[in-house]
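Source file: model-v8.cif. Holds: mmCIF, C-alpha atoms (C1' of nucleotides).
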data_start
loop_
_atom_site.label_atom_id
_atom_site.label_comp_id
_atom_site.auth_asym_id
_atom_site.auth_seq_id
_atom_site.Cartn_x
_atom_site.Cartn_y
_atom_site.Cartn_z
CA MET T 1024 3.23 -33.54 2.80
CA LEU T 1025 2.45 -30.01 3.68
CA GLU T 1026 4.90 -27.61 5.18
CA LEU T 1027 3.07 -25.97 8.02
CA VAL T 1028 6.22 -24.45 9.41
CA ASN T 1029 5.35 -20.91 8.48
CA CYS T 1030 1.69 -21.34 9.22
CA PRO T 1031 0.26 -19.66 12.30
CA CYS T 1032 -1.65 -22.87 12.99
CA THR T 1033 1.52 -24.08 14.65
CA GLY T 1034 0.63 -21.58 17.34
CA ALA T 1035 4.08 -20.15 17.64
CA THR T 1036 2.86 -16.87 19.02
CA LEU T 1037 -0.10 -15.96 21.11
CA ASP T 1038 1.76 -12.85 22.00
CA ARG T 1039 -1.14 -10.72 22.97
CA LEU T 1040 -1.39 -12.76 26.13
CA ILE T 1041 2.01 -11.64 27.31
CA GLN T 1042 0.40 -8.48 28.57
CA PRO T 1043 -2.06 -10.09 30.98
CA ALA T 1044 0.67 -12.56 31.90
CA ILE T 1045 2.87 -9.69 33.05
CA LEU T 1046 0.00 -8.33 35.09
CA VAL T 1047 -0.58 -11.75 36.66
CA VAL T 1048 3.07 -12.21 37.52
CA LEU T 1049 3.25 -8.75 39.08
CA ALA T 1050 0.03 -9.35 40.97
CA GLU T 1051 1.78 -12.21 42.74
CA GLY T 1052 4.36 -9.76 43.99
CA PRO T 1053 6.79 -7.04 42.90
CA LEU T 1054 9.41 -8.26 40.48
CA HIS T 1055 11.91 -6.96 37.99
CA GLY T 1056 11.82 -7.47 34.25
CA TYR T 1057 14.30 -10.28 33.95
CA ARG T 1058 12.44 -12.48 36.43
CA VAL T 1059 9.09 -11.54 34.91
CA ALA T 1060 10.33 -12.90 31.61
CA GLU T 1061 11.53 -16.09 33.29
CA ARG T 1062 8.25 -16.57 35.15
CA ILE T 1063 6.24 -16.11 31.98
CA GLY T 1064 8.44 -18.65 30.26
CA GLU T 1065 7.54 -21.12 32.98
CA MET T 1066 3.82 -20.61 32.50
CA PRO T 1067 1.89 -23.14 30.45
CA GLY T 1068 0.78 -21.75 27.14
CA PHE T 1069 4.09 -20.14 26.48
CA GLY T 1070 5.74 -23.36 25.51
CA GLY T 1071 8.36 -23.29 28.22
CA GLN T 1072 10.37 -20.82 26.21
CA LYS T 1073 10.92 -17.47 27.77
CA PRO T 1074 9.74 -14.54 25.73
CA ASP T 1075 12.04 -11.95 24.25
CA ALA T 1076 13.41 -9.90 27.13
CA SER T 1077 13.38 -6.75 25.02
CA GLY T 1078 9.67 -7.09 24.55
CA ILE T 1079 9.03 -7.53 28.26
CA TYR T 1080 11.02 -4.45 29.13
CA ARG T 1081 9.18 -2.46 26.51
CA PHE T 1082 5.82 -3.66 27.76
CA LEU T 1083 6.75 -2.78 31.32
CA LYS T 1084 7.83 0.67 30.25
CA SER T 1085 4.63 1.35 28.35
CA MET T 1086 2.61 -0.07 31.23
CA GLU T 1087 4.34 2.33 33.55
CA GLN T 1088 3.56 5.24 31.23
CA LYS T 1089 -0.08 4.18 31.34
CA GLY T 1090 0.06 4.08 35.10
CA LEU T 1091 -0.58 0.35 35.43
CA VAL T 1092 2.66 -0.32 37.25
CA VAL T 1093 5.19 1.68 39.24
CA SER T 1094 8.90 1.04 39.33
CA SER T 1095 11.73 1.58 41.74
CA TRP T 1096 15.38 0.75 41.52
CA ASP T 1097 16.51 -2.07 43.72
CA LEU T 1098 20.20 -1.82 44.56
CA SER T 1099 20.07 -3.94 47.69
CA ASP T 1100 21.35 -7.20 46.24
CA SER T 1101 24.69 -7.58 44.62
CA GLY T 1102 24.72 -7.64 40.87
CA PRO T 1103 23.42 -5.15 38.36
CA ALA T 1104 20.71 -2.72 39.36
CA LYS T 1105 17.20 -4.12 39.14
CA LYS T 1106 14.18 -2.10 38.26
CA CYS T 1107 11.49 -3.47 40.48
CA TYR T 1108 7.96 -3.18 39.19
CA GLN T 1109 4.81 -3.47 41.20
CA LEU T 1110 1.17 -3.27 40.30
CA ALA T 1111 -0.57 0.07 40.70
CA PRO T 1112 -4.27 0.17 41.57
CA GLU T 1113 -4.96 0.89 37.90
CA GLY T 1114 -3.01 -2.22 37.02
CA LYS T 1115 -5.17 -4.29 39.30
CA GLU T 1116 -8.23 -2.78 37.71
CA CYS T 1117 -6.78 -3.66 34.34
CA LEU T 1118 -6.11 -7.22 35.50
CA GLU T 1119 -9.71 -7.58 36.63
CA HIS T 1120 -10.80 -6.37 33.25
CA TRP T 1121 -8.48 -8.89 31.66
CA ILE T 1122 -10.26 -11.65 33.55
CA LYS T 1123 -13.47 -10.80 31.75
CA THR T 1124 -11.59 -10.50 28.47
CA LEU T 1125 -9.88 -13.84 28.95
CA GLU T 1126 -13.23 -15.45 29.72
CA ALA T 1127 -14.58 -14.01 26.49
CA TYR T 1128 -11.50 -15.24 24.63
CA ARG T 1129 -11.89 -18.69 26.05
CA HIS T 1130 -15.53 -18.75 25.13
CA GLY T 1131 -14.72 -17.60 21.62
CA ILE T 1132 -12.02 -20.23 21.29
CA THR T 1133 -14.35 -22.91 22.63
CA GLU T 1134 -16.94 -22.01 20.02
CA LEU T 1135 -14.32 -21.88 17.30
CA LEU T 1136 -13.05 -25.25 18.43
CA ARG T 1137 -16.53 -26.71 18.37
CA ALA T 1138 -17.08 -25.42 14.86
CA ALA T 1139 -13.64 -26.57 13.74
CA ARG T 1140 -14.17 -30.07 15.09
CA LYS T 1141 -17.55 -30.26 13.47
CA ALA T 1142 -16.16 -29.07 10.16
CA ALA T 1143 -12.92 -31.01 10.12
CA GLY T 1144 -13.70 -34.03 12.23
CA GLY T 1145 -16.76 -35.11 10.33
CA ARG T 1146 -15.03 -38.19 8.95
CA HIS T 1147 -11.34 -38.74 9.38
CA GLU T 1148 -10.90 -41.71 11.69
CA SER T 1149 -8.46 -43.23 9.23
CA MET L 903 -11.61 6.43 37.18
CA LEU L 904 -9.29 4.75 34.80
CA GLU L 905 -9.48 5.07 31.07
CA LEU L 906 -9.09 1.56 29.78
CA VAL L 907 -10.18 2.54 26.32
CA ASN L 908 -6.78 2.09 24.75
CA CYS L 909 -5.87 -0.89 26.85
CA PRO L 910 -5.73 -4.31 25.22
CA CYS L 911 -7.53 -5.67 28.26
CA THR L 912 -10.72 -4.52 26.59
CA GLY L 913 -10.09 -7.36 24.21
CA ALA L 914 -10.72 -5.32 21.14
CA THR L 915 -8.68 -7.59 18.97
CA LEU L 916 -8.06 -11.27 19.07
CA ASP L 917 -7.00 -10.99 15.52
CA ARG L 918 -4.81 -14.00 15.29
CA LEU L 919 -7.94 -16.09 15.50
CA ILE L 920 -9.30 -14.65 12.32
CA GLN L 921 -7.15 -17.10 10.42
CA PRO L 922 -8.63 -20.28 11.91
CA ALA L 923 -12.04 -18.62 11.75
CA ILE L 924 -11.69 -18.24 8.00
CA LEU L 925 -10.71 -21.88 7.76
CA VAL L 926 -13.72 -22.92 9.84
CA VAL L 927 -16.12 -20.85 7.79
CA LEU L 928 -14.73 -22.24 4.56
CA ALA L 929 -14.85 -25.76 5.96
CA GLU L 930 -18.60 -25.34 6.27
CA GLY L 931 -18.79 -24.71 2.56
CA PRO L 932 -17.35 -22.61 -0.26
CA LEU L 933 -17.89 -18.91 0.20
CA HIS L 934 -16.62 -15.59 -1.04
CA GLY L 935 -14.73 -13.02 0.96
CA TYR L 936 -17.53 -10.65 1.76
CA ARG L 937 -19.69 -13.37 3.27
CA VAL L 938 -16.72 -14.84 5.10
CA ALA L 939 -16.25 -11.50 6.82
CA GLU L 940 -19.94 -11.35 7.71
CA ARG L 941 -19.95 -14.90 9.06
CA ILE L 942 -16.91 -14.21 11.19
CA GLY L 943 -18.59 -11.11 12.52
CA GLU L 944 -21.50 -13.26 13.64
CA MET L 945 -19.26 -15.65 15.52
CA PRO L 946 -18.97 -15.29 19.28
CA GLY L 947 -15.60 -13.98 20.31
CA PHE L 948 -15.57 -11.40 17.59
CA GLY L 949 -17.93 -9.10 19.38
CA GLY L 950 -20.56 -9.04 16.70
CA GLN L 951 -18.52 -6.59 14.70
CA LYS L 952 -17.36 -7.75 11.33
CA PRO L 953 -13.63 -7.63 10.77
CA ASP L 954 -11.92 -5.36 8.30
CA ALA L 955 -12.82 -6.64 4.85
CA SER L 956 -9.41 -5.69 3.50
CA GLY L 957 -7.80 -7.96 6.00
CA ILE L 958 -10.03 -10.88 5.08
CA TYR L 959 -9.26 -10.48 1.40
CA ARG L 960 -5.55 -10.30 2.14
CA PHE L 961 -5.72 -13.38 4.31
CA LEU L 962 -7.61 -15.28 1.65
CA LYS L 963 -5.09 -14.26 -0.96
CA SER L 964 -2.14 -15.33 1.14
CA MET L 965 -3.92 -18.54 2.03
CA GLU L 966 -4.39 -19.22 -1.63
CA GLN L 967 -0.71 -18.60 -2.29
CA LYS L 968 0.08 -21.12 0.43
CA GLY L 969 -2.27 -23.59 -1.18
CA LEU L 970 -4.72 -23.74 1.70
CA VAL L 971 -7.65 -22.61 -0.39
CA VAL L 972 -8.54 -22.44 -4.05
CA SER L 973 -10.65 -19.77 -5.67
CA SER L 974 -12.92 -19.47 -8.65
CA TRP L 975 -14.92 -16.57 -9.98
CA ASP L 976 -18.63 -16.84 -9.54
CA LEU L 977 -20.53 -14.79 -12.09
CA SER L 978 -23.78 -16.71 -11.86
CA ASP L 979 -25.70 -14.34 -9.64
CA SER L 980 -26.45 -10.78 -10.47
CA GLY L 981 -24.29 -8.17 -8.84
CA PRO L 982 -20.56 -7.78 -8.77
CA ALA L 983 -18.33 -10.73 -9.49
CA LYS L 984 -17.63 -12.92 -6.47
CA LYS L 985 -14.45 -14.81 -5.89
CA CYS L 986 -15.53 -18.05 -4.37
CA TYR L 987 -13.03 -19.75 -2.09
CA GLN L 988 -13.05 -23.34 -1.00
CA LEU L 989 -10.81 -25.36 1.24
CA ALA L 990 -8.00 -27.32 -0.35
CA PRO L 991 -6.83 -30.57 1.27
CA GLU L 992 -3.91 -28.63 2.69
CA GLY L 993 -6.37 -26.20 4.21
CA LYS L 994 -8.17 -29.02 5.92
CA GLU L 995 -4.87 -30.31 7.22
CA CYS L 996 -4.13 -26.82 8.51
CA LEU L 997 -7.53 -26.67 10.17
CA GLU L 998 -6.87 -29.96 11.94
CA HIS L 999 -3.59 -28.55 13.16
CA TRP L 1000 -5.42 -25.46 14.34
CA ILE L 1001 -7.64 -27.65 16.49
CA LYS L 1002 -4.61 -28.76 18.47
CA THR L 1003 -3.33 -25.20 18.61
CA LEU L 1004 -6.67 -23.87 19.81
CA GLU L 1005 -6.78 -26.53 22.49
CA ALA L 1006 -3.35 -25.42 23.63
CA TYR L 1007 -4.44 -21.79 23.55
CA ARG L 1008 -7.50 -22.57 25.58
CA HIS L 1009 -5.44 -24.46 28.09
CA GLY L 1010 -3.01 -21.57 28.35
CA ILE L 1011 -5.84 -19.11 28.78
CA THR L 1012 -7.46 -21.31 31.42
CA GLU L 1013 -4.24 -21.39 33.40
CA LEU L 1014 -3.74 -17.66 33.00
CA LEU L 1015 -7.30 -17.12 34.12
CA ARG L 1016 -6.78 -19.30 37.15
CA ALA L 1017 -3.67 -17.36 38.09
CA ALA L 1018 -5.36 -14.04 37.40
CA ARG L 1019 -8.37 -14.90 39.56
CA LYS L 1020 -6.11 -16.06 42.33
CA ALA L 1021 -4.02 -12.91 42.14
CA ALA L 1022 -6.80 -10.38 41.66
CA GLY L 1023 -9.79 -12.04 43.22
CA GLY L 1024 -8.21 -12.79 46.56
CA ARG L 1025 -10.54 -10.47 48.38
CA HIS L 1026 -12.93 -8.28 46.50
CA GLU L 1027 -16.41 -9.71 46.97
CA SER L 1028 -17.73 -6.23 47.63
"C1'" DG M 135 -28.70 10.29 -12.24
"C1'" DG M 136 -27.47 9.64 -7.56
"C1'" DC M 137 -27.29 6.80 -3.64
"C1'" DA M 138 -26.91 2.64 -0.87
"C1'" DG M 139 -25.48 -2.03 -0.64
"C1'" DT M 140 -22.65 -5.82 -2.38
"C1'" DA M 141 -17.96 -7.18 -3.70
"C1'" DT M 142 -12.91 -6.97 -4.42
"C1'" DA M 143 -8.49 -4.77 -4.03
"C1'" DG M 144 -4.41 -1.81 -3.07
"C1'" DG M 145 -1.58 1.95 -0.81
"C1'" DA M 146 0.19 3.86 3.21
"C1'" DA M 147 0.51 4.60 7.91
"C1'" DA M 148 0.60 2.84 12.37
"C1'" DT M 149 1.59 -0.77 15.41
"C1'" DA M 150 3.72 -4.81 17.05
"C1'" DC M 151 7.36 -8.03 17.39
"C1'" DT M 152 11.99 -10.03 16.98
"C1'" DC M 153 16.76 -10.05 16.46
"C1'" DC M 154 20.93 -8.08 17.53
"C1'" DA M 155 24.05 -5.14 19.87
"C1'" DA M 156 25.56 -2.13 23.78
"C1'" DT M 157 26.16 -1.21 28.56
"C1'" DA M 158 27.04 -2.64 33.26
"C1'" DC M 159 27.72 -5.36 37.34
"C1'" DC M 160 29.37 -9.52 39.68
"C1'" DG M 161 31.86 -13.91 40.48
"C1'" DG M 162 34.92 -17.48 39.09
"C1'" DA M 163 38.57 -19.66 36.02
"C1'" DG M 164 42.93 -19.25 34.26
"C1'" DC O 351 44.49 -9.29 36.63
"C1'" DT O 352 41.80 -10.35 32.65
"C1'" DC O 353 38.51 -12.64 30.35
"C1'" DC O 354 34.21 -15.10 30.28
"C1'" DG O 355 29.49 -16.27 31.57
"C1'" DG O 356 25.31 -15.09 33.86
"C1'" DT O 357 22.31 -11.38 35.50
"C1'" DA O 358 19.97 -7.05 34.19
"C1'" DT O 359 18.40 -3.17 31.37
"C1'" DT O 360 17.95 -0.73 27.07
"C1'" DG O 361 18.03 0.98 22.21
"C1'" DG O 362 18.22 0.39 17.01
"C1'" DA O 363 16.73 -1.59 13.01
"C1'" DG O 364 14.25 -4.61 10.24
"C1'" DT O 365 10.24 -7.28 9.46
"C1'" DA O 366 5.53 -8.62 10.11
"C1'" DT O 367 1.00 -7.45 11.10
"C1'" DT O 368 -3.19 -4.47 11.16
"C1'" DT O 369 -5.92 -0.81 10.19
"C1'" DC O 370 -7.65 3.02 7.66
"C1'" DC O 371 -8.74 5.06 3.64
"C1'" DT O 372 -9.58 4.97 -1.00
"C1'" DA O 373 -10.74 3.15 -5.73
"C1'" DT O 374 -13.25 0.23 -8.76
"C1'" DA O 375 -17.52 -1.96 -10.34
"C1'" DC O 376 -22.11 -3.89 -10.55
"C1'" DT O 377 -27.14 -3.78 -9.16
"C1'" DG O 378 -31.53 -2.03 -7.61
"C1'" DC O 379 -34.22 1.71 -5.85
"C1'" DC O 380 -35.98 6.48 -5.64
#
Would you give me this structure, written as structure tokens?
Amino acid sequence: MLELVNCPCTGATLDRLIQPAILVVLAEGPLHGYRVAERIGEMPGFGGQKPDASGIYRFLKSMEQKGLVVSSWDLSDSGPAKKCYQLAPEGKECLEHWIKTLEAYRHGITELLRAARKAAGGRHES
Amino acid sequence: MLELVNCPCTGATLDRLIQPAILVVLAEGPLHGYRVAERIGEMPGFGGQKPDASGIYRFLKSMEQKGLVVSSWDLSDSGPAKKCYQLAPEGKECLEHWIKTLEAYRHGITELLRAARKAAGGRHES
DNA sequence: GGCAGTATAGGAAATACTCCAATACCGGAG
DNA sequence: CTCCGGTATTGGAGTATTTCCTATACTGCC
């Protein structure tokens, strides 16, 4: 038997999609990093496991530097201070661009899948 | 206007998929690195631009170390020596695993797309 | 001979990602 | 009251991944 544990074919990480996922979550309404991470973890395609919080915070920070999101501190609730992020107009523009990109990705994956099935599935109904 | 040039939403790189793409190309028949890169460049989803050859060679090498492919030098034709790769049984197994992974990816992307359209496309039929 | 195209390969930098630790605030158990 | 667990943000460091640039070499063409 083959050990595919360390093989990317197990699909452990499709990390690039965390970025549009953040945009999508924020498009649904302003939210702070911790909840963003939780919401992404709930999304299908992320395997029910929430992504590394560090990574989310870093993404949010870089997105703010790019002007895609704006943040404000939310001290209203009890508990530690929350940095509340919301989508800037540029972020919405970026999200719309992502829609086209995701369509292209899906098309590419569909084609790859077709080719893979054709190549691998030729005869293996054992 | 927003400069989205350096934004991943432009979809410049869906690099992770180069690995199954190599597998698919090799599943269609033995081939050497240079042609593999060209074939991948022709595939939809890679934007018609052929990937970095260095990367392909490195992938092929690591795939050989993992036992997914086997190589042999082809000196039959004129021109520089070609290292011809072909899929090993483990590589085919990996490719079959990739099919499941790609299906999961596509599903995840579909869901993300649905959410993105809902969030961004609410009202902008201008 | 020099140049372009085919073909492989390696170094080094840049980037991305993960794991781990630190800080801080709150509420409840002991 | 003190410690612990959950919420919340952040930084450091190490590893993995990717890209860019370069080197080598062979062939055919001008």
Is it possible to see chain T as a short mmCIF file (atom, residue, chain, number, x, y, z; two decimals) with C-alpha atoms, keeping the file's coordinate frame, once it has been laid onto chain L by a least-squares fit on every C-alpha atom in order?
data_model
loop_
_atom_site.label_atom_id
_atom_site.label_comp_id
_atom_site.auth_asym_id
_atom_site.auth_seq_id
_atom_site.Cartn_x
_atom_site.Cartn_y
_atom_site.Cartn_z
CA MET T 1024 -11.22 6.25 37.69
CA LEU T 1025 -8.93 4.62 35.26
CA GLU T 1026 -9.17 4.98 31.54
CA LEU T 1027 -8.87 1.50 30.18
CA VAL T 1028 -9.96 2.55 26.73
CA ASN T 1029 -6.59 2.11 25.13
CA CYS T 1030 -5.73 -0.93 27.17
CA PRO T 1031 -5.71 -4.30 25.45
CA CYS T 1032 -7.51 -5.70 28.48
CA THR T 1033 -10.68 -4.46 26.83
CA GLY T 1034 -10.09 -7.29 24.40
CA ALA T 1035 -10.75 -5.25 21.33
CA THR T 1036 -8.73 -7.51 19.10
CA LEU T 1037 -8.02 -11.18 19.21
CA ASP T 1038 -7.16 -10.90 15.59
CA ARG T 1039 -4.98 -13.91 15.30
CA LEU T 1040 -8.10 -16.01 15.50
CA ILE T 1041 -9.47 -14.58 12.29
CA GLN T 1042 -7.29 -17.01 10.42
CA PRO T 1043 -8.73 -20.21 11.89
CA ALA T 1044 -12.16 -18.59 11.70
CA ILE T 1045 -11.77 -18.22 7.94
CA LEU T 1046 -10.75 -21.85 7.71
CA VAL T 1047 -13.78 -22.89 9.76
CA VAL T 1048 -16.17 -20.85 7.66
CA LEU T 1049 -14.73 -22.27 4.45
CA ALA T 1050 -14.84 -25.78 5.85
CA GLU T 1051 -18.60 -25.39 6.12
CA GLY T 1052 -18.72 -24.76 2.40
CA PRO T 1053 -17.25 -22.65 -0.41
CA LEU T 1054 -17.85 -18.96 0.04
CA HIS T 1055 -16.60 -15.63 -1.20
CA GLY T 1056 -14.77 -13.03 0.83
CA TYR T 1057 -17.63 -10.69 1.55
CA ARG T 1058 -19.78 -13.44 3.07
CA VAL T 1059 -16.81 -14.87 4.95
CA ALA T 1060 -16.40 -11.52 6.64
CA GLU T 1061 -20.10 -11.42 7.49
CA ARG T 1062 -20.09 -14.96 8.86
CA ILE T 1063 -17.08 -14.24 11.04
CA GLY T 1064 -18.82 -11.15 12.34
CA GLU T 1065 -21.71 -13.35 13.41
CA MET T 1066 -19.47 -15.71 15.34
CA PRO T 1067 -19.23 -15.31 19.10
CA GLY T 1068 -15.88 -13.98 20.18
CA PHE T 1069 -15.81 -11.39 17.47
CA GLY T 1070 -18.21 -9.12 19.24
CA GLY T 1071 -20.85 -9.17 16.54
CA GLN T 1072 -18.84 -6.68 14.55
CA LYS T 1073 -17.64 -7.82 11.20
CA PRO T 1074 -13.92 -7.63 10.68
CA ASP T 1075 -12.26 -5.32 8.21
CA ALA T 1076 -13.07 -6.63 4.75
CA SER T 1077 -9.66 -5.61 3.46
CA GLY T 1078 -8.02 -7.85 5.99
CA ILE T 1079 -10.18 -10.83 5.04
CA TYR T 1080 -9.39 -10.44 1.38
CA ARG T 1081 -5.71 -10.18 2.15
CA PHE T 1082 -5.81 -13.26 4.34
CA LEU T 1083 -7.64 -15.20 1.65
CA LYS T 1084 -5.09 -14.15 -0.93
CA SER T 1085 -2.14 -15.18 1.22
CA MET T 1086 -3.91 -18.42 2.10
CA GLU T 1087 -4.31 -19.13 -1.57
CA GLN T 1088 -0.62 -18.46 -2.18
CA LYS T 1089 0.15 -20.97 0.56
CA GLY T 1090 -2.13 -23.47 -1.08
CA LEU T 1091 -4.64 -23.65 1.77
CA VAL T 1092 -7.55 -22.54 -0.37
CA VAL T 1093 -8.39 -22.40 -4.06
CA SER T 1094 -10.49 -19.76 -5.73
CA SER T 1095 -12.72 -19.51 -8.75
CA TRP T 1096 -14.74 -16.67 -10.11
CA ASP T 1097 -18.46 -17.02 -9.72
CA LEU T 1098 -20.36 -15.03 -12.33
CA SER T 1099 -23.57 -17.02 -12.12
CA ASP T 1100 -25.56 -14.67 -9.91
CA SER T 1101 -26.34 -11.13 -10.81
CA GLY T 1102 -24.25 -8.50 -9.16
CA PRO T 1103 -20.52 -8.00 -9.09
CA ALA T 1104 -18.23 -10.94 -9.72
CA LYS T 1105 -17.56 -13.08 -6.67
CA LYS T 1106 -14.35 -14.87 -6.02
CA CYS T 1107 -15.41 -18.13 -4.51
CA TYR T 1108 -12.94 -19.76 -2.17
CA GLN T 1109 -12.94 -23.35 -1.07
CA LEU T 1110 -10.71 -25.32 1.22
CA ALA T 1111 -7.86 -27.27 -0.33
CA PRO T 1112 -6.69 -30.50 1.30
CA GLU T 1113 -3.79 -28.53 2.77
CA GLY T 1114 -6.29 -26.13 4.25
CA LYS T 1115 -8.11 -28.96 5.93
CA GLU T 1116 -4.83 -30.22 7.27
CA CYS T 1117 -4.14 -26.74 8.54
CA LEU T 1118 -7.57 -26.59 10.17
CA GLU T 1119 -6.91 -29.87 11.96
CA HIS T 1120 -3.66 -28.46 13.18
CA TRP T 1121 -5.51 -25.38 14.35
CA ILE T 1122 -7.75 -27.58 16.47
CA LYS T 1123 -4.74 -28.71 18.45
CA THR T 1124 -3.46 -25.14 18.61
CA LEU T 1125 -6.80 -23.82 19.80
CA GLU T 1126 -6.92 -26.51 22.48
CA ALA T 1127 -3.48 -25.41 23.62
CA TYR T 1128 -4.61 -21.77 23.57
CA ARG T 1129 -7.66 -22.57 25.60
CA HIS T 1130 -5.60 -24.50 28.09
CA GLY T 1131 -3.14 -21.64 28.35
CA ILE T 1132 -5.95 -19.15 28.83
CA THR T 1133 -7.58 -21.37 31.44
CA GLU T 1134 -4.33 -21.51 33.40
CA LEU T 1135 -3.82 -17.78 33.02
CA LEU T 1136 -7.36 -17.22 34.19
CA ARG T 1137 -6.84 -19.44 37.19
CA ALA T 1138 -3.70 -17.56 38.12
CA ALA T 1139 -5.34 -14.20 37.49
CA ARG T 1140 -8.32 -15.05 39.66
CA LYS T 1141 -6.07 -16.28 42.40
CA ALA T 1142 -3.95 -13.16 42.22
CA ALA T 1143 -6.67 -10.58 41.78
CA GLY T 1144 -9.65 -12.20 43.43
CA GLY T 1145 -7.99 -12.89 46.74
CA ARG T 1146 -10.10 -10.30 48.54
CA HIS T 1147 -12.32 -7.92 46.67
CA GLU T 1148 -15.90 -8.82 47.51
CA SER T 1149 -16.61 -5.18 48.28
#
(request) Please provide the set of residues having any atom within 9 Å of Trp1096 (chain T), restricted to all atoms listed in the file, with same-chain residues fewer than 5 positions apart removed, written as a list in words. (result) Ala1104, Lys1105, Lys1106, Cys1107 and Tyr1108 of chain T
Each residue of chain T lying at most 9 Å from chain O should get a row with its shortest atom-to-atom pair and the distance in Å to one decimal, counting only C-alpha atoms (C1' of nucleotides); could you produce that, ordered by chain and increasing number, as a tab-separated table?
residue	atom	partner	partner_atom	distance
T:His1055	CA	O:DA358	C1'	8.9
T:Gly1056	CA	O:DA358	C1'	8.2
T:Tyr1057	CA	O:DA358	C1'	6.5
T:Ser1077	CA	O:DT360	C1'	7.8
T:Tyr1080	CA	O:DT359	C1'	7.8
T:Arg1081	CA	O:DT360	C1'	9.0
T:Gly1102	CA	O:DT357	C1'	7.0
T:Pro1103	CA	O:DA358	C1'	5.7
T:Ala1104	CA	O:DA358	C1'	6.8
T:Lys1105	CA	O:DA358	C1'	6.4
T:Lys1106	CA	O:DT359	C1'	8.2
(request) Pick out the closest residue to chain M from this set: L:Gln921, L:Gln988, L:Ser980, L:Gln967. Count all atoms listed in the file. (result) L:Ser980
(request) Just the residues within 12 Å of Gly1064 (chain T), please, counting only C-alpha atoms (C1' of nucleotides), with nothing from its chain fewer than 2 positions along; format it as a PyMOL selection string. (result) (chain T and resi 1041+1044-1045+1048+1057-1062+1066-1076+1079) or (chain L and resi 1010)
(request) Considering only C-alpha atoms, extract the chain T residues located within 7 Å of chain L and return them as number ranges by chain. (result) T: 1025, 1032-1034, 1044, 1047, 1050-1051, 1067-1068, 1113, 1115, 1117-1122, 1124-1125, 1127-1132, 1135-1136, 1138-1139, 1142-1143
(message) Taking all atoms listed in the file into account, name the residue in T:Ile1063, T:Ala1111, T:Leu1054, T:Leu1098 that is nearest to chain M.
(response)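 Of T:Ile1063, T:Ala1111, T:Leu1054, T:Leu1098, the one nearest chain M is T:Leu1098, counting all atoms listed in the file.
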